[in-house]
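Student: Next up is a structure, given as structure tokens.
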Amino acid sequence: MKKTQKISRKDMVKLLNEDLAREFQAIIAYTVYSQTMKGAKYQAIAGELKKHAGEELSHALLIAKQIDYFNGTPVTVPRPVKMSSKAEDMLRYDLQNEADTIKAYRTRIRQADAMGEFALSEVLRQIIAQEQEHLTDLADALGIDNPKIGE
């Protein structure tokens with residue numbers, strides 16, 4: 001594994017704002033999907049998605065606090081949310097978003113460590129553990145194995 005280059009605090013703010021926009025996207029997607037999924041077989045997962053929405057909000061708050069710590073201003077606009085009338089599509093969108101988020105946070109942890117910002121690394125490790133639980137819940141709901149997440 002190659003050594004991660006140290007980045008500036010300004011660059012970290014920019015990257016954390018991208019992460020925050022992704023967390024906002026997840027909050028919206030989980031909220032909307034949990035309320036619009038149709039079909040008896042999706043009722044249990046809809047309840048789980050509602051729970052995920054709350055957990056994503058706590059992630060957003062943690063990321064916003066870290067942005068403030070680096071003297072940045074948190075973004076207020078989410079990444080776009082994909083919509084579908086099909087529950088399986090919604091679950092696949094969420095699965096891909098979780099995989100993208102995990103990949104980004106793995107990178108962010110290495111960047112934070114290279115900067116010597118170990119408190120940020122620990123916050124991100126807490127978040128990533130929950131994101132991996134979300135990924136597993138979604139894969140289970142889809143009846144598939146957890147996807148492999150590349151570096």
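By order of appearance in the structure tokens: chains A, B, ..., then residues from 1 within every chain, and ligands from 1 in the order shown.
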Excluding region 57-66 of chain A and its own-chain neighbours fewer than 2 positions away, which residues fall within 9 Å of it when counting only C-alpha atoms? Please give them as a list in words.
Tutor: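 Contacts, with the query itself left out: Val13, Leu16, Asn17, Asp19, Leu20, Ala21, Arg22, Glu23, Phe24, Ala26, Ile27, His52, Ala53, Gly54, Glu55, Asp68, Tyr69, Phe70, Asn71, Gly72, Thr73, Pro74, Val75, Leu120, Val123, Leu124 and Ile127 of chain A.
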Student: Mind running region 63-108 of chain A against region 28-31 of chain A at 10 Å and telling me each contacting residue's nearest atom pair with the distance in Å (one decimal), counting only C-alpha atoms, chain and number ascending, as a Markdown table?
Tutor:
| residue | atom | partner | partner_atom | distance |
| --- | --- | --- | --- | --- |
| A:Pro78 | CA | A:Ile28 | CA | 8.4 |
| A:Arg79 | CA | A:Ile28 | CA | 9.8 |
| A:Pro80 | CA | A:Ala29 | CA | 9.3 |
| A:Val81 | CA | A:Ala29 | CA | 6.1 |
| A:Lys82 | CA | A:Ala29 | CA | 7.7 |
| A:Met83 | CA | A:Ala29 | CA | 8.2 |
| A:Met90 | CA | A:Ala29 | CA | 8.3 |
| A:Leu91 | CA | A:Tyr30 | CA | 9.4 |
| A:Tyr93 | CA | A:Ala29 | CA | 8.8 |
| A:Asp94 | CA | A:Ala29 | CA | 7.5 |
| A:Asn97 | CA | A:Ala29 | CA | 9.8 |
Student: Please provide as an mmCIF file with C-alpha atoms, in the first residue's frame all residues within 12 Å of region 134-150 of chain A, with the sequence filter that same-chain residues fewer than 4 positions apart are discarded (counting only C-alpha atoms).
Tutor:
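Just written: selection-v2.cif:
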data_model
loop_
_atom_site.group_PDB
_atom_site.id
_atom_site.type_symbol
_atom_site.label_atom_id
_atom_site.label_comp_id
_atom_site.auth_asym_id
_atom_site.auth_seq_id
_atom_site.Cartn_x
_atom_site.Cartn_y
_atom_site.Cartn_z
ATOM 1 C CA ALA A 26 -28.449 9.562 1.869
ATOM 2 C CA TYR A 30 -33.598 6.941 2.847
ATOM 3 C CA LYS A 41 -42.025 -7.866 1.072
ATOM 4 C CA TYR A 42 -40.478 -4.391 1.372
ATOM 5 C CA GLN A 43 -42.220 -3.228 4.540
ATOM 6 C CA ALA A 44 -39.521 -4.534 6.879
ATOM 7 C CA ILE A 45 -36.716 -2.949 4.868
ATOM 8 C CA ALA A 46 -38.688 0.312 4.629
ATOM 9 C CA GLY A 47 -38.590 0.450 8.438
ATOM 10 C CA GLU A 48 -34.853 -0.190 8.361
ATOM 11 C CA LEU A 49 -34.352 2.596 5.797
ATOM 12 C CA LYS A 50 -36.194 4.990 8.110
ATOM 13 C CA LYS A 51 -33.694 4.079 10.836
ATOM 14 C CA HIS A 52 -30.813 4.557 8.369
ATOM 15 C CA ALA A 53 -32.056 8.094 7.625
ATOM 16 C CA GLY A 54 -31.601 9.026 11.280
ATOM 17 C CA GLU A 55 -28.147 7.476 11.394
ATOM 18 C CA GLU A 56 -27.131 9.368 8.255
ATOM 19 C CA ALA A 87 -38.363 -0.767 -4.685
ATOM 20 C CA GLU A 88 -35.521 -2.934 -5.949
ATOM 21 C CA ASP A 89 -34.085 0.006 -7.903
ATOM 22 C CA MET A 90 -34.224 2.185 -4.796
ATOM 23 C CA LEU A 91 -32.354 -0.458 -2.799
ATOM 24 C CA ARG A 92 -29.719 -0.760 -5.526
ATOM 25 C CA TYR A 93 -29.256 3.021 -5.590
ATOM 26 C CA ASP A 94 -28.770 2.996 -1.819
ATOM 27 C CA LEU A 95 -26.365 0.062 -2.047
ATOM 28 C CA GLN A 96 -24.217 1.901 -4.605
ATOM 29 C CA ASN A 97 -24.306 5.102 -2.544
ATOM 30 C CA GLU A 98 -23.171 3.207 0.564
ATOM 31 C CA ALA A 99 -20.330 1.561 -1.370
ATOM 32 C CA ASP A 100 -19.242 4.965 -2.724
ATOM 33 C CA THR A 101 -19.400 6.464 0.774
ATOM 34 C CA ILE A 102 -17.339 3.672 2.318
ATOM 35 C CA LYS A 103 -14.718 4.022 -0.401
ATOM 36 C CA ALA A 104 -14.543 7.803 0.139
ATOM 37 C CA TYR A 105 -14.245 7.459 3.921
ATOM 38 C CA ARG A 106 -11.464 4.886 3.602
ATOM 39 C CA THR A 107 -9.531 7.446 1.561
ATOM 40 C CA ILE A 127 -19.145 6.421 10.707
ATOM 41 C CA ILE A 128 -17.719 3.814 8.349
ATOM 42 C CA ALA A 129 -18.686 0.998 10.730
ATOM 43 C CA GLN A 130 -22.324 2.111 10.507
#
Student: Between A:Gln126, A:Gln111, A:Ser85, A:Gln132, which is the closest to Met12 (chain A) once you count only C-alpha atoms?
Tutor: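 Ranking A:Gln126, A:Gln111, A:Ser85, A:Gln132 by distance to Met12 (chain A), first place goes to A:Gln111.
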Student: For each of A:Glu122, A:Ile67, A:Glu117, A:Val77, take the minimum atom-to-atom distance to Leu15 (chain A), counting only C-alpha atoms, then give the residue where this is smallest.
Tutor: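 When distances to Leu15 (chain A) are compared using only C-alpha atoms, the smallest one comes from A:Ile67.
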Student: Provide the CA of Lys3 (chain A) to CA of Ser121 (chain A) distance in Å, to one decimal place.
Tutor: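 We find that CA of Lys3 (chain A) and CA of Ser121 (chain A) lie 15.9 Å from each other.
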Student: DSSP on the backbone: what in region 37-125 of chain A comes out alpha helix (DSSP H), as an MDAnalysis selection string?
Tutor: chainID A and resid 43:69 87:115 118:125
Student: Would you mind reading off the distance between CA of Arg108 (chain A) and CA of Ile7 (chain A), one decimal, in Å?
Tutor: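 So the two atoms, CA of Arg108 (chain A) and CA of Ile7 (chain A), lie 10.3 Å apart.
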